[in-house]
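Below is the file start_3.cif, which contains mmCIF, N, CA and C atoms.
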```cif
data_target
loop_
_atom_site.label_atom_id
_atom_site.label_comp_id
_atom_site.auth_asym_id
_atom_site.auth_seq_id
_atom_site.Cartn_x
_atom_site.Cartn_y
_atom_site.Cartn_z
N MET A 1 -37.99 14.00 28.97
CA MET A 1 -39.12 13.30 28.44
C MET A 1 -38.74 11.83 28.28
N THR A 2 -39.56 10.96 28.81
CA THR A 2 -39.28 9.53 28.72
C THR A 2 -39.62 9.04 27.31
N PRO A 3 -39.12 7.88 26.95
CA PRO A 3 -39.43 7.35 25.61
C PRO A 3 -40.94 7.12 25.40
N ASP A 4 -41.66 6.72 26.46
CA ASP A 4 -43.11 6.54 26.32
C ASP A 4 -43.82 7.87 26.09
N GLN A 5 -43.40 8.90 26.83
CA GLN A 5 -43.99 10.21 26.64
C GLN A 5 -43.69 10.76 25.24
N LYS A 6 -42.46 10.53 24.76
CA LYS A 6 -42.09 11.00 23.43
C LYS A 6 -42.91 10.29 22.36
N ALA A 7 -43.12 8.99 22.51
CA ALA A 7 -43.91 8.24 21.53
C ALA A 7 -45.36 8.73 21.54
N ALA A 8 -45.91 8.99 22.72
CA ALA A 8 -47.29 9.49 22.81
C ALA A 8 -47.39 10.88 22.20
N PHE A 9 -46.39 11.74 22.47
CA PHE A 9 -46.39 13.09 21.91
C PHE A 9 -46.33 13.03 20.38
N ASP A 10 -45.42 12.20 19.83
CA ASP A 10 -45.30 12.07 18.38
C ASP A 10 -46.60 11.57 17.75
N HIS A 11 -47.26 10.64 18.43
CA HIS A 11 -48.52 10.11 17.92
C HIS A 11 -49.59 11.21 17.87
N ARG A 12 -49.70 11.97 18.96
CA ARG A 12 -50.68 13.07 18.99
C ARG A 12 -50.36 14.13 17.95
N ARG A 13 -49.08 14.47 17.81
CA ARG A 13 -48.67 15.48 16.84
C ARG A 13 -48.99 15.03 15.41
N ASN A 14 -48.74 13.77 15.10
CA ASN A 14 -49.05 13.24 13.76
C ASN A 14 -50.54 13.28 13.48
N GLU A 15 -51.36 12.95 14.51
CA GLU A 15 -52.82 13.01 14.33
C GLU A 15 -53.29 14.44 14.05
N VAL A 16 -52.74 15.40 14.78
CA VAL A 16 -53.12 16.80 14.56
C VAL A 16 -52.69 17.25 13.16
N CYS A 17 -51.49 16.90 12.75
CA CYS A 17 -51.01 17.28 11.41
C CYS A 17 -51.89 16.67 10.33
N LEU A 18 -52.28 15.42 10.49
CA LEU A 18 -53.14 14.78 9.49
C LEU A 18 -54.51 15.44 9.44
N ARG A 19 -55.06 15.81 10.59
CA ARG A 19 -56.35 16.51 10.60
C ARG A 19 -56.25 17.84 9.86
N HIS A 20 -55.16 18.56 10.08
CA HIS A 20 -54.97 19.84 9.40
C HIS A 20 -54.82 19.64 7.89
N LEU A 21 -54.10 18.59 7.49
CA LEU A 21 -53.92 18.32 6.06
C LEU A 21 -55.26 18.00 5.39
N ARG A 22 -56.10 17.25 6.09
CA ARG A 22 -57.39 16.87 5.51
C ARG A 22 -58.36 18.04 5.43
N SER A 23 -58.28 18.97 6.40
CA SER A 23 -59.30 20.01 6.47
C SER A 23 -58.89 21.34 5.82
N SER A 24 -57.64 21.60 5.65
CA SER A 24 -57.19 22.89 5.13
C SER A 24 -57.23 22.92 3.60
N PRO A 25 -58.00 23.84 3.00
CA PRO A 25 -58.05 23.90 1.53
C PRO A 25 -56.73 24.38 0.91
N GLU A 26 -55.98 25.24 1.60
CA GLU A 26 -54.70 25.72 1.05
C GLU A 26 -53.70 24.57 0.95
N ILE A 27 -53.65 23.77 1.99
CA ILE A 27 -52.71 22.64 1.99
C ILE A 27 -53.16 21.60 0.98
N ARG A 28 -54.45 21.39 0.85
CA ARG A 28 -54.98 20.42 -0.09
C ARG A 28 -54.63 20.80 -1.53
N LYS A 29 -54.62 22.10 -1.84
CA LYS A 29 -54.25 22.56 -3.18
C LYS A 29 -52.77 22.30 -3.46
N ALA A 30 -51.95 22.48 -2.44
CA ALA A 30 -50.50 22.34 -2.62
C ALA A 30 -50.04 20.89 -2.62
N ARG A 31 -50.93 19.99 -2.21
CA ARG A 31 -50.55 18.59 -2.14
C ARG A 31 -50.30 18.04 -3.55
N ARG A 32 -49.28 17.25 -3.67
CA ARG A 32 -48.90 16.70 -4.96
C ARG A 32 -49.87 15.58 -5.38
N ARG A 33 -50.25 15.60 -6.63
CA ARG A 33 -51.12 14.55 -7.15
C ARG A 33 -50.25 13.39 -7.62
N ARG A 34 -50.65 12.20 -7.23
CA ARG A 34 -49.83 11.02 -7.55
C ARG A 34 -50.60 10.07 -8.46
N ARG A 35 -51.09 10.58 -9.53
CA ARG A 35 -51.83 9.74 -10.46
C ARG A 35 -50.89 9.19 -11.51
N GLY A 36 -51.03 7.93 -11.79
CA GLY A 36 -50.28 7.31 -12.86
C GLY A 36 -48.87 6.89 -12.54
N GLN A 37 -48.46 6.94 -11.29
CA GLN A 37 -47.08 6.57 -10.98
C GLN A 37 -46.86 5.07 -11.18
N ARG A 38 -47.85 4.26 -10.84
CA ARG A 38 -47.69 2.82 -11.03
C ARG A 38 -47.63 2.49 -12.51
N VAL A 39 -48.43 3.16 -13.29
CA VAL A 39 -48.43 2.91 -14.73
C VAL A 39 -47.09 3.32 -15.34
N ARG A 40 -46.58 4.47 -14.91
CA ARG A 40 -45.27 4.92 -15.41
C ARG A 40 -44.16 3.97 -14.99
N ALA A 41 -44.23 3.47 -13.77
CA ALA A 41 -43.20 2.54 -13.31
C ALA A 41 -43.26 1.24 -14.10
N LEU A 42 -44.45 0.74 -14.36
CA LEU A 42 -44.60 -0.49 -15.13
C LEU A 42 -44.14 -0.27 -16.57
N LEU A 43 -44.51 0.85 -17.15
CA LEU A 43 -44.09 1.15 -18.51
C LEU A 43 -42.57 1.29 -18.61
N GLY A 44 -41.96 1.94 -17.63
CA GLY A 44 -40.50 2.06 -17.61
C GLY A 44 -39.82 0.71 -17.50
N SER A 45 -40.39 -0.18 -16.69
CA SER A 45 -39.82 -1.52 -16.56
C SER A 45 -39.93 -2.29 -17.86
N LEU A 46 -41.06 -2.18 -18.54
CA LEU A 46 -41.23 -2.87 -19.82
C LEU A 46 -40.27 -2.34 -20.88
N VAL A 47 -40.06 -1.04 -20.89
CA VAL A 47 -39.11 -0.45 -21.84
C VAL A 47 -37.69 -0.93 -21.54
N ALA A 48 -37.33 -1.01 -20.27
CA ALA A 48 -35.99 -1.48 -19.90
C ALA A 48 -35.79 -2.94 -20.32
N VAL A 49 -36.80 -3.78 -20.12
CA VAL A 49 -36.70 -5.18 -20.53
C VAL A 49 -36.58 -5.29 -22.05
N ALA A 50 -37.34 -4.49 -22.77
CA ALA A 50 -37.28 -4.52 -24.24
C ALA A 50 -35.89 -4.09 -24.74
N ILE A 51 -35.33 -3.06 -24.13
CA ILE A 51 -33.99 -2.61 -24.53
C ILE A 51 -32.95 -3.69 -24.24
N MET A 52 -33.06 -4.32 -23.08
CA MET A 52 -32.12 -5.39 -22.75
C MET A 52 -32.25 -6.57 -23.70
N LEU A 53 -33.48 -6.90 -24.12
CA LEU A 53 -33.69 -7.99 -25.07
C LEU A 53 -33.04 -7.66 -26.41
N VAL A 54 -33.24 -6.45 -26.89
CA VAL A 54 -32.66 -6.05 -28.18
C VAL A 54 -31.13 -6.05 -28.09
N LEU A 55 -30.56 -5.56 -26.99
CA LEU A 55 -29.10 -5.55 -26.85
C LEU A 55 -28.53 -6.96 -26.73
N THR A 56 -29.24 -7.84 -26.03
CA THR A 56 -28.79 -9.23 -25.92
C THR A 56 -28.84 -9.92 -27.27
N LYS A 57 -29.94 -9.72 -28.01
CA LYS A 57 -30.03 -10.29 -29.35
C LYS A 57 -28.92 -9.75 -30.24
N SER A 58 -28.66 -8.47 -30.16
CA SER A 58 -27.62 -7.86 -30.99
C SER A 58 -26.25 -8.43 -30.67
N PHE A 59 -25.98 -8.60 -29.40
CA PHE A 59 -24.69 -9.16 -28.99
C PHE A 59 -24.54 -10.59 -29.50
N MET A 60 -25.61 -11.39 -29.36
CA MET A 60 -25.53 -12.78 -29.83
C MET A 60 -25.43 -12.86 -31.35
N ILE A 61 -26.14 -11.98 -32.05
CA ILE A 61 -26.03 -11.96 -33.51
C ILE A 61 -24.64 -11.53 -33.93
N ALA A 62 -24.05 -10.58 -33.24
CA ALA A 62 -22.68 -10.13 -33.56
C ALA A 62 -21.67 -11.25 -33.29
N MET A 63 -21.90 -12.02 -32.25
CA MET A 63 -20.95 -13.09 -31.91
C MET A 63 -21.07 -14.28 -32.87
N HIS A 64 -22.30 -14.70 -33.17
CA HIS A 64 -22.51 -15.95 -33.89
C HIS A 64 -22.98 -15.78 -35.33
N GLY A 65 -23.50 -14.62 -35.68
CA GLY A 65 -24.06 -14.41 -37.01
C GLY A 65 -25.56 -14.69 -37.00
N PRO A 66 -26.30 -14.13 -37.97
CA PRO A 66 -27.76 -14.27 -37.97
C PRO A 66 -28.23 -15.71 -38.13
N GLY A 67 -27.56 -16.49 -39.00
CA GLY A 67 -27.98 -17.88 -39.21
C GLY A 67 -27.78 -18.74 -37.98
N ALA A 68 -26.62 -18.61 -37.36
CA ALA A 68 -26.35 -19.40 -36.15
C ALA A 68 -27.24 -18.95 -35.00
N TYR A 69 -27.53 -17.65 -34.92
CA TYR A 69 -28.45 -17.17 -33.87
C TYR A 69 -29.84 -17.77 -34.06
N ALA A 70 -30.30 -17.84 -35.31
CA ALA A 70 -31.62 -18.43 -35.58
C ALA A 70 -31.64 -19.90 -35.18
N GLN A 71 -30.53 -20.62 -35.38
CA GLN A 71 -30.46 -22.02 -34.96
C GLN A 71 -30.42 -22.14 -33.43
N ILE A 72 -29.79 -21.18 -32.76
CA ILE A 72 -29.71 -21.21 -31.29
C ILE A 72 -31.08 -21.02 -30.67
N VAL A 73 -31.87 -20.09 -31.22
CA VAL A 73 -33.17 -19.80 -30.61
C VAL A 73 -34.29 -20.67 -31.16
N ALA A 74 -34.02 -21.49 -32.20
CA ALA A 74 -35.06 -22.33 -32.79
C ALA A 74 -35.73 -23.26 -31.77
N PRO A 75 -35.01 -23.89 -30.84
CA PRO A 75 -35.69 -24.76 -29.87
C PRO A 75 -36.63 -24.00 -28.93
N ALA A 76 -36.40 -22.73 -28.72
CA ALA A 76 -37.24 -21.95 -27.82
C ALA A 76 -38.50 -21.44 -28.49
N LEU A 77 -38.54 -21.48 -29.81
CA LEU A 77 -39.69 -20.97 -30.54
C LEU A 77 -40.81 -22.00 -30.55
N PRO A 78 -42.06 -21.55 -30.50
CA PRO A 78 -43.17 -22.50 -30.56
C PRO A 78 -43.27 -23.13 -31.94
N ALA A 79 -43.91 -24.29 -32.01
CA ALA A 79 -44.01 -25.03 -33.27
C ALA A 79 -45.03 -24.42 -34.22
N GLN A 80 -45.85 -23.51 -33.73
CA GLN A 80 -46.90 -22.94 -34.58
C GLN A 80 -46.31 -21.98 -35.61
N GLU A 81 -46.96 -21.92 -36.74
CA GLU A 81 -46.57 -20.98 -37.79
C GLU A 81 -47.24 -19.63 -37.54
N GLY A 82 -46.70 -18.60 -38.13
CA GLY A 82 -47.30 -17.28 -37.98
C GLY A 82 -46.45 -16.40 -37.10
N GLY A 83 -46.92 -15.20 -36.87
CA GLY A 83 -46.16 -14.22 -36.11
C GLY A 83 -46.57 -14.17 -34.66
N SER A 84 -46.19 -15.17 -33.87
CA SER A 84 -46.51 -15.13 -32.45
C SER A 84 -45.59 -14.12 -31.76
N LEU A 85 -45.96 -13.73 -30.58
CA LEU A 85 -45.19 -12.72 -29.84
C LEU A 85 -43.79 -13.23 -29.50
N ILE A 86 -43.68 -14.49 -29.11
CA ILE A 86 -42.37 -15.05 -28.76
C ILE A 86 -41.48 -15.09 -29.99
N GLN A 87 -42.06 -15.48 -31.13
CA GLN A 87 -41.28 -15.50 -32.36
C GLN A 87 -40.80 -14.11 -32.73
N THR A 88 -41.66 -13.12 -32.59
CA THR A 88 -41.30 -11.75 -32.92
C THR A 88 -40.19 -11.24 -32.01
N MET A 89 -40.25 -11.62 -30.73
CA MET A 89 -39.24 -11.14 -29.78
C MET A 89 -37.90 -11.82 -29.98
N LEU A 90 -37.87 -13.10 -30.34
CA LEU A 90 -36.61 -13.83 -30.40
C LEU A 90 -35.92 -13.81 -31.75
N MET A 91 -36.67 -13.70 -32.83
CA MET A 91 -36.04 -13.74 -34.14
C MET A 91 -35.32 -12.42 -34.44
N PRO A 92 -34.27 -12.48 -35.26
CA PRO A 92 -33.53 -11.26 -35.59
C PRO A 92 -34.42 -10.24 -36.28
N ASP A 93 -34.30 -9.01 -35.89
CA ASP A 93 -35.04 -7.93 -36.52
C ASP A 93 -34.04 -6.90 -37.06
N PRO A 94 -34.50 -5.95 -37.85
CA PRO A 94 -33.56 -4.98 -38.46
C PRO A 94 -32.79 -4.16 -37.43
N VAL A 95 -33.44 -3.81 -36.32
CA VAL A 95 -32.76 -2.97 -35.32
C VAL A 95 -31.62 -3.75 -34.67
N SER A 96 -31.89 -4.99 -34.23
CA SER A 96 -30.84 -5.77 -33.58
C SER A 96 -29.75 -6.15 -34.58
N SER A 97 -30.12 -6.34 -35.85
CA SER A 97 -29.10 -6.64 -36.86
C SER A 97 -28.18 -5.44 -37.10
N GLU A 98 -28.73 -4.25 -37.10
CA GLU A 98 -27.91 -3.05 -37.28
C GLU A 98 -26.99 -2.82 -36.08
N ILE A 99 -27.51 -3.03 -34.89
CA ILE A 99 -26.67 -2.90 -33.70
C ILE A 99 -25.58 -3.96 -33.72
N ALA A 100 -25.92 -5.17 -34.17
CA ALA A 100 -24.92 -6.24 -34.27
C ALA A 100 -23.83 -5.87 -35.27
N ALA A 101 -24.22 -5.21 -36.36
CA ALA A 101 -23.23 -4.78 -37.34
C ALA A 101 -22.28 -3.75 -36.74
N LEU A 102 -22.80 -2.92 -35.84
CA LEU A 102 -21.93 -1.95 -35.16
C LEU A 102 -21.02 -2.62 -34.13
N LEU A 103 -21.50 -3.69 -33.51
CA LEU A 103 -20.72 -4.38 -32.48
C LEU A 103 -19.69 -5.34 -33.07
N ARG A 104 -19.95 -5.85 -34.27
CA ARG A 104 -19.12 -6.90 -34.85
C ARG A 104 -17.63 -6.54 -34.91
N PRO A 105 -17.22 -5.31 -35.27
CA PRO A 105 -15.78 -5.01 -35.30
C PRO A 105 -15.12 -5.12 -33.92
N PHE A 106 -15.87 -4.88 -32.87
CA PHE A 106 -15.30 -4.97 -31.54
C PHE A 106 -15.19 -6.41 -31.05
N LEU A 107 -15.94 -7.30 -31.68
CA LEU A 107 -15.97 -8.69 -31.24
C LEU A 107 -15.29 -9.62 -32.23
N SER A 108 -14.49 -9.09 -33.12
CA SER A 108 -13.83 -9.93 -34.13
C SER A 108 -12.86 -10.87 -33.45
N GLU A 109 -12.56 -11.96 -34.13
CA GLU A 109 -11.70 -13.00 -33.56
C GLU A 109 -10.27 -12.51 -33.34
N GLU A 110 -9.75 -11.67 -34.23
CA GLU A 110 -8.36 -11.25 -34.11
C GLU A 110 -8.15 -10.30 -32.93
N GLY A 111 -9.08 -9.40 -32.75
CA GLY A 111 -8.89 -8.38 -31.72
C GLY A 111 -9.62 -8.67 -30.43
N SER A 112 -10.13 -9.86 -30.30
CA SER A 112 -10.93 -10.17 -29.13
C SER A 112 -10.06 -10.28 -27.89
N VAL A 113 -10.56 -9.75 -26.81
CA VAL A 113 -9.84 -9.84 -25.54
C VAL A 113 -9.79 -11.29 -25.09
N ALA A 114 -10.86 -12.04 -25.35
CA ALA A 114 -10.93 -13.42 -24.91
C ALA A 114 -9.88 -14.28 -25.61
N THR A 115 -9.57 -13.99 -26.88
CA THR A 115 -8.58 -14.80 -27.58
C THR A 115 -7.16 -14.40 -27.20
N SER A 116 -6.97 -13.19 -26.70
CA SER A 116 -5.61 -12.78 -26.34
C SER A 116 -5.21 -13.28 -24.96
N ILE A 117 -6.18 -13.71 -24.15
CA ILE A 117 -5.87 -14.25 -22.82
C ILE A 117 -5.78 -15.76 -22.95
N SER A 118 -4.66 -16.31 -22.55
CA SER A 118 -4.53 -17.77 -22.65
C SER A 118 -5.29 -18.42 -21.51
N THR A 119 -5.85 -19.59 -21.79
CA THR A 119 -6.64 -20.29 -20.77
C THR A 119 -5.75 -21.12 -19.86
N VAL A 120 -4.58 -21.53 -20.34
CA VAL A 120 -3.65 -22.31 -19.52
C VAL A 120 -2.47 -21.41 -19.17
N PRO A 121 -2.22 -21.26 -17.88
CA PRO A 121 -1.08 -20.40 -17.52
C PRO A 121 0.23 -21.01 -18.00
N GLU A 122 1.08 -20.15 -18.50
CA GLU A 122 2.37 -20.63 -19.00
C GLU A 122 3.32 -20.83 -17.83
N ALA A 123 4.17 -21.85 -17.97
CA ALA A 123 5.13 -22.14 -16.92
C ALA A 123 6.26 -21.12 -17.01
N PRO A 124 6.68 -20.61 -15.87
CA PRO A 124 7.79 -19.65 -15.91
C PRO A 124 9.09 -20.32 -16.32
N ASP A 125 9.89 -19.61 -17.07
CA ASP A 125 11.18 -20.15 -17.48
C ASP A 125 12.11 -20.17 -16.28
N ALA A 126 12.64 -21.36 -16.03
CA ALA A 126 13.51 -21.49 -14.85
C ALA A 126 14.95 -21.56 -15.23
#
```
Representation of the structure as structure tokens:
Amino acid sequence: MTPDQKAAFDHRRNEVCLRHLRSSPEIRKARRRRRGQRVRALLGSLVAVAIMLVLTKSFMIAMHGPGAYAQIVAPALPAQEGGSLIQTMLMPDPVSSEIAALLRPFLSEEGSVATSISTVPEAPDA
């Protein structure tokens, strides 16, 4: 079978299969319903972004403390008073503060991996 004949055969076979899928009630019942997949995908993405935001806030609060974190994010906050969405997302909340309290012992200055690695390589003793 030449490549042209194979392509024509595959095209005809796909058309016949699609006609059978559309007309057969047994196959139509067995077909999977795909309702809400886009909504679930969007919701999953939003949940992942929210979790990453909370973990990032927690890490920064653990590193710098709540007061210094508030000073870091102050320029990004809008000048308006009240509970805007950006303010709610960026300011420390109880969940991120609790996670920061759990992370703080691992990020202490004495036991930090970053402080134990010297930034300037030492000269070998000759």
Original post:
Taking only C-alpha atoms into account, which of A:Pro92, A:Pro3, A:Gly36, A:Pro75 comes nearest Val54 in chain A?
Top reply: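 Under the stated criterion, the closest residue is A:Pro92.
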**OP:** Figure out the distance between atom C of Thr56 in chain A and atom N of Pro105 in chain A, please, to one decimal in Å.
**Re:**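 Between atom N of Pro105 in chain A and atom C of Thr56 in chain A the gap works out to 14.8 Å.
Atom pair atom C of Arg12 in chain A / atom N of Pro25 in chain A: separated by 19.4 Å.
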Could you list, as a tab-separated table (two decimals) with N, CA and C atoms, keeping the file's coordinate frame, every residue within 7 Å of Ile99 in chain A, counting only N, CA and C atoms and ignoring same-chain residues fewer than 4 positions away?
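Result file is part38.tsv:
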```
chain	number	residue	atom	x	y	z
A	58	SER	N	-28.66	-8.47	-30.16
A	58	SER	CA	-27.62	-7.86	-30.99
A	58	SER	C	-26.25	-8.43	-30.67
A	59	PHE	N	-25.98	-8.60	-29.40
A	59	PHE	CA	-24.69	-9.16	-28.99
A	59	PHE	C	-24.54	-10.59	-29.50
A	62	ALA	N	-24.05	-10.58	-33.24
A	62	ALA	CA	-22.68	-10.13	-33.56
A	62	ALA	C	-21.67	-11.25	-33.29
A	94	PRO	N	-34.50	-5.95	-37.85
A	94	PRO	CA	-33.56	-4.98	-38.46
A	94	PRO	C	-32.79	-4.16	-37.43
A	95	VAL	N	-33.44	-3.81	-36.32
A	95	VAL	CA	-32.76	-2.97	-35.32
A	95	VAL	C	-31.62	-3.75	-34.67
A	103	LEU	N	-21.50	-3.69	-33.51
A	103	LEU	CA	-20.72	-4.38	-32.48
A	103	LEU	C	-19.69	-5.34	-33.07
A	104	ARG	N	-19.95	-5.85	-34.27
A	104	ARG	CA	-19.12	-6.90	-34.85
A	104	ARG	C	-17.63	-6.54	-34.91
```
**OP:** Work out how far apart atom N of Asp93 in chain A and atom C of Ala70 in chain A are and give it in Å to one decimal.
**Re:**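 Taking atom N of Asp93 in chain A as the start and atom C of Ala70 in chain A as the end point, the length is 11.2 Å.
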Original post:
At a cut-off of 12 Å from (-35.6, -12.2, -33.7) in the coordinates of the file, what residues are picked up using only C-alpha atoms, written as number ranges by chain?
Top reply: A: 53-58, 60-61, 66-74, 76-77, 83-97
